[in-house]
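Containing mmCIF, C-alpha atoms: input30.cif.
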data_input
#
loop_
_atom_site.label_atom_id
_atom_site.label_comp_id
_atom_site.auth_asym_id
_atom_site.auth_seq_id
_atom_site.Cartn_x
_atom_site.Cartn_y
_atom_site.Cartn_z
CA MET A 1 21.15 66.97 -20.09
CA ALA A 2 24.01 64.51 -20.32
CA GLY A 3 21.65 61.70 -21.05
CA ARG A 4 19.99 63.58 -23.84
CA LYS A 5 23.31 64.42 -25.45
CA ARG A 6 24.35 60.79 -25.36
CA ASN A 7 21.09 59.70 -26.89
CA GLY A 8 21.44 62.34 -29.53
CA GLN A 9 24.97 61.34 -30.30
CA ARG A 10 23.93 57.73 -30.66
CA GLY A 11 21.08 58.71 -32.94
CA ASN A 12 23.39 60.74 -35.11
CA ARG A 13 25.83 57.88 -35.33
CA GLY A 14 23.12 55.42 -36.30
CA GLY A 15 21.62 57.53 -39.03
CA GLY A 16 24.56 59.66 -40.13
CA GLY A 17 26.32 57.48 -42.68
CA GLY A 18 24.65 56.60 -45.90
CA GLY A 19 25.49 52.91 -45.67
CA GLY A 20 25.66 52.60 -41.85
CA GLY A 21 22.22 51.01 -41.41
CA THR A 22 22.11 48.98 -44.61
CA PRO A 23 24.27 45.99 -43.54
CA ARG A 24 22.16 45.46 -40.44
CA GLN A 25 18.81 45.15 -42.24
CA PRO A 26 19.36 41.66 -43.76
CA GLN A 27 20.61 40.39 -40.41
CA GLN A 28 17.52 41.73 -38.62
CA GLN A 29 15.27 40.20 -41.25
CA ASN A 30 16.94 36.80 -40.80
CA GLN A 31 16.46 37.00 -37.04
CA GLN A 32 12.80 37.86 -37.48
CA GLN A 33 12.32 34.91 -39.84
CA GLN A 34 14.01 32.58 -37.38
CA GLN A 35 11.79 33.85 -34.59
CA ARG A 36 8.72 33.22 -36.74
CA ARG A 37 9.87 29.70 -37.53
CA ARG A 38 10.81 28.99 -33.95
CA ARG A 39 7.98 27.55 -31.90
CA LYS A 40 7.52 28.08 -28.24
CA PRO A 41 8.12 24.93 -26.20
CA ARG A 42 4.91 23.23 -25.21
CA GLN A 43 4.22 22.95 -21.50
CA THR A 44 3.48 19.24 -21.50
CA LEU A 45 2.36 19.10 -17.88
CA SER A 46 -0.21 21.90 -18.14
CA HIS A 47 -1.36 22.04 -21.77
CA PRO A 48 -2.43 19.32 -24.22
CA ALA A 49 -0.81 18.85 -27.59
CA ILE A 50 -2.05 20.91 -30.53
CA PHE A 51 -4.02 19.61 -33.50
CA ALA A 52 -2.25 19.75 -36.85
CA ARG A 53 -3.64 22.05 -39.50
CA SER A 54 -5.47 20.40 -42.33
CA LYS A 55 -3.19 22.21 -44.80
CA GLY A 56 -0.02 21.11 -43.10
CA SER A 57 2.71 22.92 -41.23
CA GLU A 58 2.53 26.65 -40.55
CA THR A 59 6.08 27.58 -41.59
CA ASP A 60 6.92 29.00 -45.00
CA VAL A 61 10.45 27.62 -45.08
CA PRO A 62 11.00 25.16 -47.95
CA TYR A 63 10.78 21.51 -46.98
CA GLU A 64 14.19 19.91 -46.77
CA ARG A 65 14.50 16.54 -45.11
CA VAL A 66 17.10 15.88 -42.46
CA THR A 67 19.35 12.89 -43.00
CA LEU A 68 19.73 10.20 -40.39
CA GLU A 69 23.31 11.23 -39.62
CA GLN A 70 22.30 14.85 -39.12
CA ALA A 71 19.42 13.85 -36.90
CA LYS A 72 21.65 11.68 -34.69
CA LYS A 73 24.26 14.44 -34.35
CA GLY A 74 21.60 16.94 -33.37
CA THR A 75 19.84 19.74 -35.20
CA PRO A 76 19.48 23.41 -34.27
CA ALA A 77 16.82 24.37 -31.77
CA ASP A 78 14.73 26.04 -34.47
CA ARG A 79 14.87 22.95 -36.70
CA PRO A 80 13.68 19.90 -34.76
CA VAL A 81 13.56 16.50 -36.37
CA ARG A 82 9.89 15.82 -37.12
CA VAL A 83 9.05 12.18 -36.46
CA TYR A 84 5.68 10.78 -37.42
CA ALA A 85 3.94 7.83 -35.73
CA ASP A 86 0.46 6.66 -36.67
CA GLY A 87 -2.03 4.13 -35.37
CA ILE A 88 -5.52 3.47 -34.10
CA PHE A 89 -4.74 3.91 -30.38
CA ASP A 90 -7.99 2.32 -29.22
CA LEU A 91 -8.15 1.88 -25.43
CA PHE A 92 -4.92 3.85 -25.06
CA HIS A 93 -2.60 1.79 -22.83
CA SER A 94 1.00 1.58 -21.67
CA GLY A 95 2.12 -0.20 -24.86
CA HIS A 96 1.05 2.81 -26.91
CA ALA A 97 2.74 5.21 -24.50
CA ARG A 98 6.02 3.26 -24.56
CA ALA A 99 6.07 3.26 -28.37
CA LEU A 100 5.52 7.03 -28.44
CA MET A 101 8.20 7.50 -25.79
CA GLN A 102 10.69 5.63 -27.98
CA ALA A 103 9.74 7.72 -31.00
CA LYS A 104 10.14 10.94 -29.00
CA ASN A 105 13.63 9.94 -27.82
CA LEU A 106 15.01 8.77 -31.16
CA PHE A 107 17.03 11.96 -31.67
CA PRO A 108 18.30 14.75 -29.42
CA ASN A 109 15.87 17.32 -30.84
CA THR A 110 12.64 15.59 -31.81
CA GLU A 111 9.16 16.87 -32.49
CA LEU A 112 6.64 14.01 -32.42
CA ILE A 113 3.62 14.12 -34.69
CA VAL A 114 1.02 11.40 -34.13
CA GLY A 115 -1.54 10.46 -36.75
CA VAL A 116 -4.84 8.89 -35.64
CA CYS A 117 -7.10 7.19 -38.16
CA SER A 118 -10.80 7.96 -38.23
CA ASP A 119 -13.60 5.55 -37.39
CA GLU A 120 -14.49 5.15 -41.05
CA LEU A 121 -11.03 3.94 -42.10
CA THR A 122 -10.56 1.84 -38.97
CA HIS A 123 -13.89 0.03 -39.31
CA LYS A 124 -13.15 -0.58 -42.97
CA TYR A 125 -9.63 -1.98 -42.72
CA LYS A 126 -9.26 -3.23 -39.14
CA GLY A 127 -12.54 -3.59 -37.30
CA TYR A 128 -14.87 -2.00 -34.80
CA THR A 129 -13.35 0.14 -32.06
CA VAL A 130 -14.39 0.63 -28.45
CA MET A 131 -13.58 4.34 -28.42
CA SER A 132 -14.73 6.83 -31.02
CA ASP A 133 -12.24 8.76 -33.11
CA LYS A 134 -12.84 11.96 -31.12
CA GLU A 135 -12.11 10.12 -27.88
CA ARG A 136 -8.96 8.68 -29.39
CA TYR A 137 -7.83 12.11 -30.57
CA GLU A 138 -8.23 13.52 -27.09
CA SER A 139 -6.42 10.63 -25.43
CA LEU A 140 -3.40 11.25 -27.68
CA ARG A 141 -3.42 14.98 -27.01
CA HIS A 142 -2.89 14.33 -23.31
CA CYS A 143 0.10 12.05 -23.73
CA ARG A 144 3.23 13.82 -22.50
CA TYR A 145 5.38 12.69 -25.45
CA VAL A 146 3.10 14.03 -28.20
CA ASP A 147 3.67 17.49 -29.69
CA GLU A 148 1.07 17.44 -32.45
CA VAL A 149 -1.92 15.28 -33.38
CA VAL A 150 -3.08 14.70 -36.97
CA ARG A 151 -6.78 13.88 -37.13
CA ASP A 152 -8.20 11.59 -39.83
CA ALA A 153 -4.74 10.33 -40.71
CA PRO A 154 -4.41 8.33 -43.97
CA TRP A 155 -4.11 4.55 -43.85
CA THR A 156 -1.17 4.58 -46.28
CA LEU A 157 1.32 7.44 -46.22
CA SER A 158 1.84 9.30 -49.46
CA ALA A 159 4.67 11.60 -50.52
CA GLU A 160 2.27 14.56 -50.56
CA PHE A 161 1.21 13.89 -46.97
CA LEU A 162 4.83 13.63 -45.81
CA LYS A 163 5.72 16.88 -47.55
CA MET A 164 2.64 18.71 -46.30
CA HIS A 165 3.44 17.92 -42.66
CA ARG A 166 7.22 18.26 -43.18
CA ILE A 167 7.93 14.78 -41.85
CA ASP A 168 11.53 13.60 -41.67
CA PHE A 169 11.09 10.05 -40.33
CA VAL A 170 8.30 7.56 -39.64
CA ALA A 171 8.45 5.48 -36.47
CA HIS A 172 6.78 2.09 -36.07
CA ASP A 173 7.68 -1.42 -34.98
CA ASP A 174 9.64 -3.43 -37.54
CA ILE A 175 7.05 -6.19 -37.92
CA PRO A 176 5.50 -6.06 -41.44
CA TYR A 177 2.00 -4.59 -41.18
CA THR A 178 -0.25 -6.44 -43.62
CA SER A 179 -3.36 -4.45 -44.46
CA ALA A 180 -5.33 -2.90 -47.33
CA GLY A 181 -4.09 -5.48 -49.84
CA SER A 182 -0.42 -4.82 -49.06
CA ASP A 183 2.11 -7.12 -47.42
CA ASP A 184 3.61 -4.14 -45.59
CA VAL A 185 2.08 -0.66 -45.66
CA TYR A 186 5.44 0.82 -44.60
CA LYS A 187 7.50 -0.83 -47.36
CA HIS A 188 7.85 2.31 -49.47
CA ILE A 189 8.84 4.29 -46.36
CA LYS A 190 11.56 1.75 -45.56
CA ASP A 191 12.81 1.89 -49.17
CA ALA A 192 13.04 5.67 -48.96
CA GLY A 193 15.21 5.49 -45.82
CA MET A 194 12.66 7.30 -43.68
CA PHE A 195 11.68 4.40 -41.44
CA VAL A 196 12.91 4.17 -37.82
CA ALA A 197 11.99 1.03 -35.87
CA THR A 198 10.61 0.95 -32.34
CA GLN A 199 10.03 -2.01 -30.05
CA ARG A 200 6.65 -3.47 -29.17
CA THR A 201 5.65 -4.06 -25.57
CA ASP A 202 4.82 -7.70 -24.95
CA GLY A 203 1.81 -8.71 -22.89
CA ILE A 204 -0.33 -5.64 -23.57
CA SER A 205 -2.40 -4.66 -26.58
CA THR A 206 -5.90 -3.48 -27.40
CA SER A 207 -6.83 -6.97 -28.58
CA ASP A 208 -5.63 -8.43 -25.28
CA LEU A 209 -7.77 -6.00 -23.31
CA ILE A 210 -10.86 -6.81 -25.37
CA THR A 211 -10.16 -10.52 -24.94
CA ARG A 212 -10.11 -10.10 -21.16
CA ILE A 213 -13.47 -8.33 -21.23
CA VAL A 214 -15.06 -10.94 -23.50
CA ARG A 215 -13.64 -13.81 -21.46
CA ASP A 216 -14.99 -12.40 -18.17
CA TYR A 217 -18.17 -11.01 -19.66
CA ASP A 218 -20.43 -12.14 -16.81
CA VAL A 219 -18.14 -10.64 -14.20
CA TYR A 220 -18.13 -7.22 -15.84
CA VAL A 221 -21.88 -7.27 -16.44
CA ARG A 222 -22.47 -8.01 -12.75
CA ARG A 223 -19.97 -5.31 -11.85
CA ASN A 224 -21.81 -2.67 -13.87
CA LEU A 225 -25.18 -3.79 -12.54
CA GLN A 226 -23.84 -3.21 -9.05
CA ARG A 227 -22.63 0.23 -10.10
CA GLY A 228 -26.11 1.29 -11.16
CA TYR A 229 -26.21 0.56 -14.89
CA SER A 230 -29.52 -0.76 -16.15
CA ALA A 231 -29.97 -4.05 -17.96
CA ARG A 232 -31.08 -2.15 -21.03
CA GLU A 233 -27.86 -0.14 -21.11
CA LEU A 234 -25.88 -3.37 -20.82
CA ASN A 235 -28.03 -5.13 -23.44
CA VAL A 236 -28.95 -7.87 -20.96
CA GLY A 237 -32.24 -9.80 -21.04
CA PHE A 238 -34.70 -10.09 -18.17
CA ILE A 239 -33.73 -13.63 -17.17
CA ASN A 240 -30.01 -12.93 -17.30
CA GLU A 241 -30.51 -9.78 -15.27
CA LYS A 242 -32.25 -11.73 -12.50
CA LYS A 243 -29.55 -14.37 -12.64
CA TYR A 244 -26.78 -11.82 -12.34
CA ARG A 245 -28.50 -10.00 -9.48
CA LEU A 246 -29.00 -13.30 -7.64
CA GLN A 247 -25.34 -14.11 -8.12
CA ASN A 248 -24.42 -10.70 -6.74
CA ARG A 249 -26.51 -11.37 -3.62
CA MET A 250 -24.92 -14.77 -3.17
CA ASP A 251 -21.48 -13.22 -3.51
CA ARG A 252 -22.35 -10.60 -0.90
CA MET A 253 -23.56 -13.32 1.47
CA LYS A 254 -20.38 -15.31 0.90
CA GLU A 255 -18.32 -12.23 1.52
CA THR A 256 -20.24 -11.56 4.76
CA VAL A 257 -19.73 -15.13 5.94
CA HIS A 258 -16.06 -14.95 5.03
CA THR A 259 -15.73 -11.69 6.95
CA LEU A 260 -17.40 -13.24 10.00
CA GLU A 261 -15.11 -16.25 9.78
CA GLU A 262 -12.07 -14.01 9.63
CA LYS A 263 -13.30 -12.01 12.59
CA SER A 264 -14.02 -15.17 14.59
CA LYS A 265 -10.58 -16.54 13.76
CA HIS A 266 -9.06 -13.29 14.85
CA LEU A 267 -11.11 -13.38 18.06
CA VAL A 268 -10.11 -16.99 18.79
CA HIS A 269 -6.50 -16.11 18.13
CA ARG A 270 -6.71 -13.20 20.53
CA VAL A 271 -8.39 -15.37 23.17
CA GLU A 272 -5.65 -17.97 22.77
CA GLU A 273 -3.02 -15.30 23.16
CA LYS A 274 -4.77 -13.90 26.24
CA SER A 275 -5.21 -17.36 27.76
CA HIS A 276 -1.58 -18.17 27.09
CA ASP A 277 -0.57 -14.93 28.77
CA LEU A 278 -2.87 -15.67 31.71
CA ILE A 279 -1.40 -19.16 32.11
CA LEU A 280 2.10 -17.79 32.06
CA LYS A 281 1.17 -15.13 34.62
CA TRP A 282 -0.58 -17.75 36.79
CA GLU A 283 2.46 -20.02 36.68
CA GLU A 284 4.70 -17.12 37.56
CA LYS A 285 2.44 -16.06 40.46
CA SER A 286 2.10 -19.64 41.69
CA ARG A 287 5.88 -20.06 41.71
CA GLU A 288 6.18 -16.80 43.56
CA PHE A 289 3.49 -17.87 46.06
CA ILE A 290 5.10 -21.24 46.68
CA GLY A 291 8.50 -19.63 47.12
CA ASN A 292 7.10 -17.13 49.59
CA PHE A 293 5.27 -19.91 51.44
CA LEU A 294 8.44 -21.96 51.73
CA GLU A 295 10.39 -18.96 52.86
CA LEU A 296 7.78 -18.28 55.52
CA PHE A 297 6.73 -21.77 56.70
CA GLY A 298 9.70 -23.92 55.71
CA PRO A 299 12.09 -25.55 58.19
CA ASP A 300 14.38 -22.60 57.88
CA GLY A 301 11.61 -20.14 57.34
CA ALA A 302 10.58 -17.07 59.18
CA TRP A 303 7.54 -18.72 60.77
CA HIS A 304 9.67 -21.39 62.42
CA MET A 305 11.96 -18.71 63.75
CA ILE A 306 8.94 -16.76 65.03
CA GLN A 307 7.62 -19.88 66.75
CA GLU A 308 10.96 -20.50 68.41
CA ARG A 309 11.18 -16.95 69.58
CA SER A 310 7.58 -16.93 70.78
CA GLY A 311 8.21 -20.19 72.60
CA ARG A 312 11.19 -18.71 74.30
CA VAL A 313 9.20 -15.66 75.27
CA LEU A 314 6.36 -17.77 76.64
CA GLN A 315 8.81 -19.94 78.50
CA ALA A 316 10.40 -16.84 79.97
CA LEU A 317 7.07 -15.44 81.02
CA SER A 318 5.53 -18.68 82.41
CA PRO A 319 6.63 -20.20 85.93
CA TYR A 320 8.17 -23.61 86.45
CA SER A 321 5.71 -26.46 86.99
CA SER A 322 4.45 -27.00 90.64
CA PRO A 323 3.32 -30.27 92.36
CA ARG A 324 -0.15 -31.45 91.48
CA GLY A 325 -2.71 -30.11 93.90
CA SER A 326 -0.68 -27.03 94.82
CA PRO A 327 -3.09 -24.24 95.70
CA SER A 328 -0.75 -21.49 94.64
CA SER A 329 2.29 -20.97 92.57
CA SER A 330 4.93 -18.35 92.76
CA PRO A 331 5.43 -16.20 89.63
CA THR A 332 9.01 -15.59 90.50
CA ARG A 333 11.52 -17.59 88.50
CA GLY A 334 14.12 -19.48 90.57
CA ARG A 335 11.90 -19.98 93.71
CA SER A 336 11.93 -23.61 94.95
CA PRO A 337 8.68 -25.45 95.43
CA SER A 338 7.26 -25.76 98.97
CA PRO A 339 8.35 -28.86 100.94
CA PRO A 340 5.79 -31.51 101.75
CA SER A 341 6.01 -30.66 105.41
CA HIS A 342 4.44 -27.33 104.75
CA TRP A 343 1.10 -28.78 103.66
CA PRO A 344 -0.25 -29.48 107.27
CA THR A 345 0.50 -25.95 108.34
CA LEU A 346 -2.05 -24.63 105.92
CA GLY A 347 -4.86 -26.00 108.09
CA PHE A 348 -6.29 -28.50 105.63
CA ARG A 349 -7.31 -31.90 106.93
CA SER A 350 -8.05 -34.92 104.96
CA PRO A 351 -11.51 -36.47 105.41
CA PRO A 352 -11.87 -39.24 108.02
CA PRO A 353 -11.46 -42.74 106.73
CA SER A 354 -14.50 -44.86 106.33
CA ALA A 355 -15.20 -47.99 108.42
CA LYS A 356 -14.31 -50.29 105.63
CA THR A 357 -11.04 -48.54 105.18
CA ARG A 358 -10.28 -48.84 108.85
CA ARG A 359 -11.18 -52.45 108.93
CA GLY A 360 -9.82 -53.72 105.74
CA SER A 361 -6.95 -51.56 104.92
CA PRO A 362 -3.65 -53.15 105.83
CA GLY A 363 -2.09 -49.88 106.70
CA SER A 364 -4.84 -48.63 108.90
CA PRO A 365 -4.22 -48.26 112.64
CA GLY A 366 -6.93 -50.69 113.63
CA SER A 367 -5.94 -53.52 111.37
CA PRO A 368 -4.24 -56.56 112.86
CA SER A 369 -1.39 -56.33 110.43
CA SER A 370 -0.40 -52.94 111.58
CA GLY A 371 0.79 -54.28 114.84
CA GLY A 372 -1.23 -51.80 116.79
CA SER A 373 -3.40 -52.60 119.73
CA GLY A 374 -6.37 -50.76 118.29
CA ALA A 375 -6.47 -48.34 121.17
CA GLU A 376 -4.90 -45.03 121.53
CA GLU A 377 -2.07 -44.69 123.94
#

Final structure tokens representation of the file:
Amino acid sequence: MAGRKRNGQRGNRGGGGGGGGTPRQPQQQNQQQQQRRRRKPRQTLSHPAIFARSKGSETDVPYERVTLEQAKKGTPADRPVRVYADGIFDLFHSGHARALMQAKNLFPNTELIVGVCSDELTHKYKGYTVMSDKERYESLRHCRYVDEVVRDAPWTLSAEFLKMHRIDFVAHDDIPYTSAGSDDVYKHIKDAGMFVATQRTDGISTSDLITRIVRDYDVYVRRNLQRGYSARELNVGFINEKKYRLQNRMDRMKETVHTLEEKSKHLVHRVEEKSHDLILKWEEKSREFIGNFLELFGPDGAWHMIQERSGRVLQALSPYSSPRGSPSSSPTRGRSPSPPSHWPTLGFRSPPPSAKTRRGSPGSPGSPSSGGSGAEE
């Protein structure tokens, strides 16, 4: 109930007075006109640029150009500065994109309109193109700096064309463009104060790209033959086709040999590294072996100490030496050897001397030198 009363009170206030709603109507109409004139911002990363209408701009607002000072200071959001840039844009490259980027960033609030000439005008005044006009239109539509594309743009800009598309400034490089019997097709634009200069990108142009293709014609023909294009599509004769295919085979063989050489070099390098590592390890192990050998068998080594200790043990376990011919030896250390007088008690007798010994031996009992009588007493 309270809400209804409030709504009713508001309704009575709005429509009660005779002149209460009249001052608001012109203001609402102006807002609606501004909304109609205001364009939604284009989503450059998801949608291509629009094509310009053949009759010109959609708005019904009278055409009033923006001065250079106003454009530099900045214009309202609903009144962007419309900058026009035209060209052929064959084989669209980075030089084209940089020129359009400069034109887009000339003023704080810029709407870039790009005019692309048709094949008929281009072939008449400049020469044959690689891409068709439809392909060139589409390539411009997908450039992030472009807001609107004018198809079949005129070669020379007229006042009617500028007014129809509500163009404030024309952007191009400052080098005089001689064409169609004129020393500079932009001279009247410069005189009118509508020209804004951009900088060219050195080292890249459509003519440079075509020159590269013509210079390396054989390379690109062989490339496309490898990719499956027929000789008829490439406009190549029978003999040249065989020559190019033979060259492709030779190149593949050279590439295979080069790959094998690289692999062999890599293998040799790895073997050298492995052999160097093995030599280093062998030297290290040999030094370790020699050191261990010297520690074990050297004069101060463990083996010498073991020999000394083993010798002492053997000497402790073995008896002292006995006289030669001793029939027995005592294992007890410290026992004196048997005296010579003990030998007869063992019952052993020496063998009897021979006759010659008895006769000839000076020490024998029967010899004259012994002083004996030769007979037993």

Item to check | Proximity to A:Asp152 - best of A:Arg252, A:His269, A:Arg53, A:Lys263, all atoms listed in the file | outcome: A:Arg53

Item to check | Sel. within 12 Å of pt (3.2, 0.7, -21.2), counting all atoms listed in the file, output as a PyMOL selection string | outcome: chain A and resi 92-102+199-206

Checklist entry - Closest to A:Ala180 among A:Leu121, A:Leu296, A:Ile306, A:Leu140, using only C-alpha atoms? => result A:Leu121

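For the atom pair formed by atom CA of A:Tyr125 and atom CA of A:Ile113, the distance is 22.3 Å, given to one decimal.
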
Checklist entry - Which residues come within 12 Å of A:Asp168, counting all atoms listed in the file, excluding same-chain residues fewer than 4 positions away, as number ranges by chain? => result A: 63-68, 70-71, 79-85, 107, 110-113, 159, 161-164, 189, 192-196

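Compared by their closest atoms to A:Ser139, and using all atoms listed in the file, the residues A:Val170, A:Ile88, A:Ala316, A:Ile279 rank with A:Ile88 nearest.
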
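Considering only C-alpha atoms, the residue among A:Tyr145, A:Tyr244, A:Phe51, A:Phe89 positioned nearest to A:Ser132 is A:Phe89.
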
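The result of the PyMOL selection byres ((chain A and resi 226) around 12) on the shown file is Val219, Tyr220, Val221, Arg222, Arg223, Asn224, Leu225, Arg227, Gly228, Tyr229, Ser230, Ala231, Leu234, Glu241, Tyr244, Arg245, Leu246, Gln247, Asn248, Arg249, Asp251 and Arg252 of chain A.
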
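Proximity to A:Ala103 was assessed for A:Ala171, A:Ala49, A:Asp119, A:Gly56 counting only C-alpha atoms; the smallest distance is recorded for A:Ala171.
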
Checklist outcome for this item: As a check of understanding: the span from atom CA of A:Asn109 to atom CA of A:Pro76 is 7.9 Å

Checklist outcome for this item: Taken to one decimal, the atom CA of A:Val214-atom CA of A:Thr122 distance is 20.6 Å
